[in-house]
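Written out below as structure tokens is the structure these notes cover.
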Amino acid sequence: MTDRYLTVARAGVHESEIRRSRFRCAVAPADSEEAAQEFVRTIRREHPGATHNCFAYVIGPDGRLHRASDDGEPGGTAGTPMLQVLLGREVRDTVAVVTRYYGGVQLGAGGLARAYGGAVAAALDAVGTAELRRMALVTVTVDHGRAGRLENELRAAGHTVREVRYAAEVAIALGVRADRVPAFRSWLADATSGAAACAVEGTAYVRV
């Protein structure tokens with residue numbers, strides 16, 4: 001894993017049944033611990049009658065911020081196997097909640113670990129992941145007469161246009177690879193005969 005890229009789960013749900021117990025895994029992107037915890041609370045509110053709502057999440061490109069909960073299952077049989085799947089697949093900024101409805105058959109410690117870890121793996125396989133790349137956040141400001149053509153040229157050149165705002169001038173927000181910002185400034189000056197302004201406003205992970 002490099003801090004230039006981030007693999008994040010798409011939002012979705014996958015359900016399975018193991019020895020009459022129903023396992024429902026909900027996964028979602030979460031770019032902060034607060035967002036991950038709110039997702040967990042949402043799932044718990046949606047399934048108040050579930051036997052367990054176990055969770056795991058990994059936040060940040062290095063994966064150092066991670067949490068897991070067995071939510072009443074025997075220690076280490078639910079949250080930890082779920083977390084191991086997220087870490088092992090190098091999925092970041094992602095939260096997974098496995099909701100279990102007990103079916104009356106004991107699975108044992110090994111069976112529980114396989115069930116919970118397998119539920120997360122199956123959900124990731126089913127809903128897929130998205131790749132985010134660290135980009136410089138650039139805003140290009142240009143007059144209305146040049147805006148449409150410039151936006152088309154930016155997209156054609158492979159730049160990630162994040163937003164277009166119309167006011168007295170047109171502001172085009174986009175992501176540019178950090179190492180290409182100087183070249184981008186030069187290209188922009190040539191493309192608009194120096195009529196466009198360019199401001200860099202930090203960096204962020206942008207879906208590519």
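The chains in the structure tokens are called A, B, ... from first to last as shown; in each chain the residues are counted from 1, and the ligands are counted from 1 in the order shown.
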Excluding Thr139 of chain A and residues on its chain fewer than 3 positions from it, collect all residues at most 6 Å away from it, counting only C-alpha atoms, and give them as a count of residues only. 4
What's the 6 Å shell around segment 12-17 of chain A, counting only C-alpha atoms, without same-chain residues fewer than 2 positions away, as a list in words?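 Close residues of segment 12-17 of chain A: Arg20, Ser21, Arg22, Phe23, Arg24, Cys25, Ala26, Val27, Ala123 and Val127 of chain A.
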Give me a file of those residues, with C-alpha atoms, as a PDB file, in the first residue's frame.
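So the final result, stored in out_36.pdb, reads:
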ATOM      1  CA  ARG A  20     -29.354 -21.871   9.970  1.00  0.00           C
ATOM      2  CA  SER A  21     -27.765 -18.624  11.193  1.00  0.00           C
ATOM      3  CA  ARG A  22     -28.189 -15.673   8.830  1.00  0.00           C
ATOM      4  CA  PHE A  23     -25.160 -13.434   8.335  1.00  0.00           C
ATOM      5  CA  ARG A  24     -25.729 -10.048   6.713  1.00  0.00           C
ATOM      6  CA  CYS A  25     -22.593  -8.026   5.938  1.00  0.00           C
ATOM      7  CA  ALA A  26     -22.973  -4.325   5.138  1.00  0.00           C
ATOM      8  CA  VAL A  27     -19.857  -2.490   3.926  1.00  0.00           C
ATOM      9  CA  ALA A 123     -19.347  -8.800   0.638  1.00  0.00           C
ATOM     10  CA  VAL A 127     -19.937  -5.104  -4.088  1.00  0.00           C
TER      11      VAL A 127
END
Near-Arg89 of chain A list (12 Å; only C-alpha atoms; drop same-chain fewer than 2 positions) as a VMD selection string: chain A and resid 1 6 to 9 58 63 82 to 87 91 to 92 94 117 120 to 121 124 to 125 128 to 129
Can you measure atom CA of Val138 of chain A to atom CA of Glu33 of chain A for me? One decimal in Å is fine. 26.8 Å
Counting only C-alpha atoms, the residue of A:Arg165, A:Arg133, A:Arg185, A:Arg149 that sits nearest Pro61 of chain A: A:Arg133
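Counting from atom CA of Tyr5 of chain A, the distance to atom CA of Glu153 of chain A is 25.0 Å.
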A:Thr192, A:Thr203, A:Thr51, A:Ser186 ranked by distance to Asp143 of chain A, top pick (using only C-alpha atoms):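 For Asp143 of chain A, the nearest of the given residues is A:Thr192.
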Select from segment 127-193 of chain A everything DSSP, run on the backbone, classes as helix (DSSP H, G or I), then give the selection as number ranges by chain. A: 127, 144-156, 178-191
Which residue out of A:Ala204, A:Ala167, A:Cys54, A:Val98 has the minimum interatomic distance to Ser69 of chain A when only C-alpha atoms are used?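 With only C-alpha atoms as the atom set, the closest residue is A:Cys54.
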Name the closest residue to Arg177 of chain A among the candidates A:Pro74, A:Gly104, A:Gly158, A:Gly145; distances are taken between atoms, counting only C-alpha atoms. A:Gly158
Give the answer as one residue: which of A:Gly76, A:Asp31, A:His144, A:Val95 has the shortest atom-to-atom distance to Ala168 of chain A, using only C-alpha atoms?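 Smallest distance to Ala168 of chain A is found for A:His144.
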Taking the chain letters and numbering used in this document, name the residues of segment 69-198 of chain A that DSSP puts in strand (DSSP E), as number ranges by chain. A: 69, 94-101, 129-142, 160-166, 170-176, 197-198
Write out the residues from the selection above, keeping N, CA and C atoms, as a short mmCIF file (atom, residue, chain, number, x, y, z; two decimals), in the first residue's frame.
data_model
loop_
_atom_site.label_atom_id
_atom_site.label_comp_id
_atom_site.auth_asym_id
_atom_site.auth_seq_id
_atom_site.Cartn_x
_atom_site.Cartn_y
_atom_site.Cartn_z
N SER A 69 -15.14 -5.12 16.90
CA SER A 69 -15.99 -5.49 18.04
C SER A 69 -16.65 -6.83 17.79
N THR A 94 -12.81 2.10 5.19
CA THR A 94 -13.93 1.19 4.98
C THR A 94 -14.42 0.65 6.32
N VAL A 95 -15.74 0.50 6.43
CA VAL A 95 -16.35 -0.09 7.62
C VAL A 95 -17.20 -1.28 7.19
N ALA A 96 -17.17 -2.34 7.98
CA ALA A 96 -17.99 -3.53 7.72
C ALA A 96 -18.74 -3.89 8.99
N VAL A 97 -20.02 -4.17 8.86
CA VAL A 97 -20.85 -4.61 9.98
C VAL A 97 -21.50 -5.93 9.58
N VAL A 98 -21.27 -6.97 10.37
CA VAL A 98 -21.92 -8.26 10.12
C VAL A 98 -23.01 -8.45 11.17
N THR A 99 -24.24 -8.50 10.69
CA THR A 99 -25.41 -8.70 11.53
C THR A 99 -25.75 -10.19 11.51
N ARG A 100 -25.81 -10.79 12.70
CA ARG A 100 -26.12 -12.22 12.77
C ARG A 100 -27.47 -12.44 13.44
N TYR A 101 -28.28 -13.25 12.77
CA TYR A 101 -29.51 -13.75 13.36
C TYR A 101 -29.29 -15.23 13.66
N THR A 129 -14.65 -2.83 -5.10
CA THR A 129 -13.90 -1.74 -4.49
C THR A 129 -13.65 -0.65 -5.53
N ALA A 130 -13.27 0.49 -5.04
CA ALA A 130 -12.92 1.62 -5.91
C ALA A 130 -11.52 2.09 -5.57
N GLU A 131 -10.81 2.57 -6.56
CA GLU A 131 -9.46 3.07 -6.33
C GLU A 131 -9.47 4.59 -6.26
N LEU A 132 -8.90 5.11 -5.20
CA LEU A 132 -8.74 6.55 -5.04
C LEU A 132 -7.26 6.88 -5.15
N ARG A 133 -6.97 8.03 -5.69
CA ARG A 133 -5.57 8.45 -5.86
C ARG A 133 -5.38 9.81 -5.21
N ARG A 134 -4.23 9.97 -4.55
CA ARG A 134 -3.95 11.28 -3.94
C ARG A 134 -3.68 12.30 -5.04
N MET A 135 -4.46 13.36 -5.00
CA MET A 135 -4.36 14.40 -6.02
C MET A 135 -4.21 15.77 -5.38
N ALA A 136 -3.58 16.67 -6.12
CA ALA A 136 -3.62 18.08 -5.75
C ALA A 136 -4.98 18.62 -6.14
N LEU A 137 -5.63 19.34 -5.24
CA LEU A 137 -6.94 19.92 -5.51
C LEU A 137 -6.73 21.28 -6.17
N VAL A 138 -7.09 21.37 -7.42
CA VAL A 138 -6.83 22.56 -8.22
C VAL A 138 -8.15 23.19 -8.64
N THR A 139 -8.24 24.50 -8.54
CA THR A 139 -9.40 25.23 -9.05
C THR A 139 -8.93 26.16 -10.16
N VAL A 140 -9.51 25.98 -11.33
CA VAL A 140 -9.21 26.82 -12.50
C VAL A 140 -10.36 27.79 -12.68
N THR A 141 -10.06 29.07 -12.77
CA THR A 141 -11.07 30.10 -12.96
C THR A 141 -10.89 30.72 -14.33
N VAL A 142 -11.99 30.77 -15.10
CA VAL A 142 -11.89 31.25 -16.48
C VAL A 142 -13.21 31.94 -16.86
N THR A 160 -9.40 14.65 -13.63
CA THR A 160 -10.62 14.34 -12.88
C THR A 160 -11.32 15.64 -12.50
N VAL A 161 -12.36 16.01 -13.26
CA VAL A 161 -13.13 17.22 -12.97
C VAL A 161 -14.11 16.90 -11.85
N ARG A 162 -13.97 17.59 -10.73
CA ARG A 162 -14.77 17.29 -9.54
C ARG A 162 -16.04 18.12 -9.47
N GLU A 163 -15.99 19.35 -9.98
CA GLU A 163 -17.14 20.25 -9.88
C GLU A 163 -16.93 21.42 -10.82
N VAL A 164 -18.04 21.96 -11.35
CA VAL A 164 -18.01 23.17 -12.17
C VAL A 164 -19.00 24.15 -11.57
N ARG A 165 -18.53 25.33 -11.19
CA ARG A 165 -19.38 26.34 -10.55
C ARG A 165 -19.46 27.58 -11.45
N TYR A 166 -20.68 28.03 -11.68
CA TYR A 166 -20.90 29.19 -12.55
C TYR A 166 -21.27 30.40 -11.70
N VAL A 170 -16.32 31.20 -14.33
CA VAL A 170 -16.56 29.78 -14.14
C VAL A 170 -15.37 29.18 -13.39
N ALA A 171 -15.66 28.47 -12.30
CA ALA A 171 -14.62 27.81 -11.51
C ALA A 171 -14.71 26.31 -11.74
N ILE A 172 -13.64 25.73 -12.23
CA ILE A 172 -13.59 24.29 -12.50
C ILE A 172 -12.66 23.66 -11.48
N ALA A 173 -13.24 22.82 -10.60
CA ALA A 173 -12.45 22.14 -9.57
C ALA A 173 -12.06 20.77 -10.11
N LEU A 174 -10.79 20.44 -10.00
CA LEU A 174 -10.32 19.16 -10.52
C LEU A 174 -9.16 18.63 -9.70
N GLY A 175 -8.86 17.37 -9.94
CA GLY A 175 -7.71 16.75 -9.30
C GLY A 175 -6.59 16.60 -10.32
N VAL A 176 -5.40 16.96 -9.90
CA VAL A 176 -4.21 16.85 -10.75
C VAL A 176 -3.13 16.13 -9.95
N ALA A 197 -6.93 31.49 -14.41
CA ALA A 197 -6.18 31.48 -13.15
C ALA A 197 -6.20 30.06 -12.59
N CYS A 198 -5.17 29.72 -11.83
CA CYS A 198 -5.04 28.36 -11.29
C CYS A 198 -4.62 28.45 -9.83
#
